[in-house]
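Notes to accompany the following structure.
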Amino acid sequence: MLGLGVRCTANSFILSSKHNTRPTRIGFSTLYSTSTSISTSTSTQPSSYDNVILYDGVCNFCNAWVDILLQVDTKKVFRFAALQSATGMKCLEGVGKERDDISSVMLIKESRDGSLKGYQKSDCIVEVVKELGIPGTGFVASVISSAMPRRVKDGLYNTVARNRYNFMGKRTTFERINAEDGRFLND
């Protein structure tokens with residue numbers, strides 16, 4: 001097992017693992033600005049949309065999930081795009097969804113022929129955990145996923161998704177403070 005711990009306090013997340021003797025504190029005040037002057041990634045049009053995670057860019061809860069992924073994705077497997085960005089909308093259309101559909105986080109995979117496949121809701125979460133390649137977590141995610149009926153998994157996801165703005169609030173923009181090294185495709 002990974003031994004990764006995430007603890008939420010009144011004003012921060014604390015990430016810890018059995019390999020890290022000093023937990024990492026991620027403060028909400030530095031991550032969740034509502035200012036409209038935040039700079040975006042300077043990344044140009046990507047050559048591939050493989051392993052792009054689409055998330056609700058104005059949702060603080062969703063951005064917290066992205067921040068956790070940035071911490072644990074040490075191999076930089078994933079890139080990210082807000083559903084509200086031009087890249088996010090293009091990916092949504094590429095998998096046959098409406099370009100303004102922000103109802104679910106999505107993992108976009110690109111096949112060799114350039115066609116896109118989208119994993120959404122609970123399937124997205126399971127695929128992301130598998131793709132991280134952290135020993136034991138992919139197997140555990142697969143077992144839990146196969147043991148739970150889709151109706152239950154997606155029902156839990158839908159409950160969280162409906163209340164996501166209530167959990168941690170909403171931003172005025174999808175742009176990020178810590179858009180780093182080309183991993184954010186928010187254009």
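Naming works like this for the structure tokens: A, B, ... for the chains as they're shown, residue 1 at the start of each chain, ligands 1 onward in shown order.
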Extract, using only C-alpha atoms, all DNA, RNA and protein residues at most 8 Å from region 74-78 of chain A, discarding same-chain residues fewer than 5 positions from it, and format them as a PDB file with N, CA, C and O atoms, in the first residue's frame.
ATOM      1  N   ASN A  51      -3.820  11.345 -21.779  1.00  0.00           N
ATOM      2  CA  ASN A  51      -3.692  11.549 -20.334  1.00  0.00           C
ATOM      3  C   ASN A  51      -3.925  12.997 -19.920  1.00  0.00           C
ATOM      4  O   ASN A  51      -3.217  13.529 -19.064  1.00  0.00           O
ATOM      5  N   VAL A  52      -4.914  13.629 -20.497  1.00  0.00           N
ATOM      6  CA  VAL A  52      -5.316  14.970 -20.089  1.00  0.00           C
ATOM      7  C   VAL A  52      -6.532  14.828 -19.181  1.00  0.00           C
ATOM      8  O   VAL A  52      -7.515  14.176 -19.540  1.00  0.00           O
ATOM      9  N   ILE A  53      -6.437  15.422 -18.014  1.00  0.00           N
ATOM     10  CA  ILE A  53      -7.552  15.415 -17.070  1.00  0.00           C
ATOM     11  C   ILE A  53      -8.293  16.736 -17.210  1.00  0.00           C
ATOM     12  O   ILE A  53      -7.702  17.806 -17.073  1.00  0.00           O
ATOM     13  N   GLU A 131      -3.355   4.769 -13.700  1.00  0.00           N
ATOM     14  CA  GLU A 131      -2.304   5.403 -14.510  1.00  0.00           C
ATOM     15  C   GLU A 131      -1.170   5.977 -13.663  1.00  0.00           C
ATOM     16  O   GLU A 131      -0.053   6.101 -14.157  1.00  0.00           O
ATOM     17  N   LEU A 132      -1.452   6.335 -12.417  1.00  0.00           N
ATOM     18  CA  LEU A 132      -0.400   6.877 -11.559  1.00  0.00           C
ATOM     19  C   LEU A 132       0.724   5.871 -11.347  1.00  0.00           C
ATOM     20  O   LEU A 132       1.865   6.255 -11.123  1.00  0.00           O
ATOM     21  N   ARG A 183       2.134  21.698 -17.882  1.00  0.00           N
ATOM     22  CA  ARG A 183       1.170  20.631 -17.565  1.00  0.00           C
ATOM     23  C   ARG A 183      -0.266  21.133 -17.634  1.00  0.00           C
ATOM     24  O   ARG A 183      -1.195  20.340 -17.653  1.00  0.00           O
TER      25      ARG A 183
END
Please identify the helix (DSSP H, G or I) residues within region 56-153 of chain A (assignment by DSSP from backbone atoms) and present them as a ChimeraX atom specification. /A:60-72,86-94,121-132,137-147,150-153
What does the distance from CA of Cys124 (chain A) to CA of Arg79 (chain A) come to in Å, to one decimal?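 Computed distance, CA of Cys124 (chain A) to CA of Arg79 (chain A), equals 14.1 Å.
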Strand (DSSP E) positions in region 109-158 of chain A, given as a PyMOL selection string: chain A and resi 109-110+116-120
If you measure from CA of Phe174 (chain A) to CA of Asn63 (chain A), what distance in Å do you get, rounded to one decimal? 9.2 Å
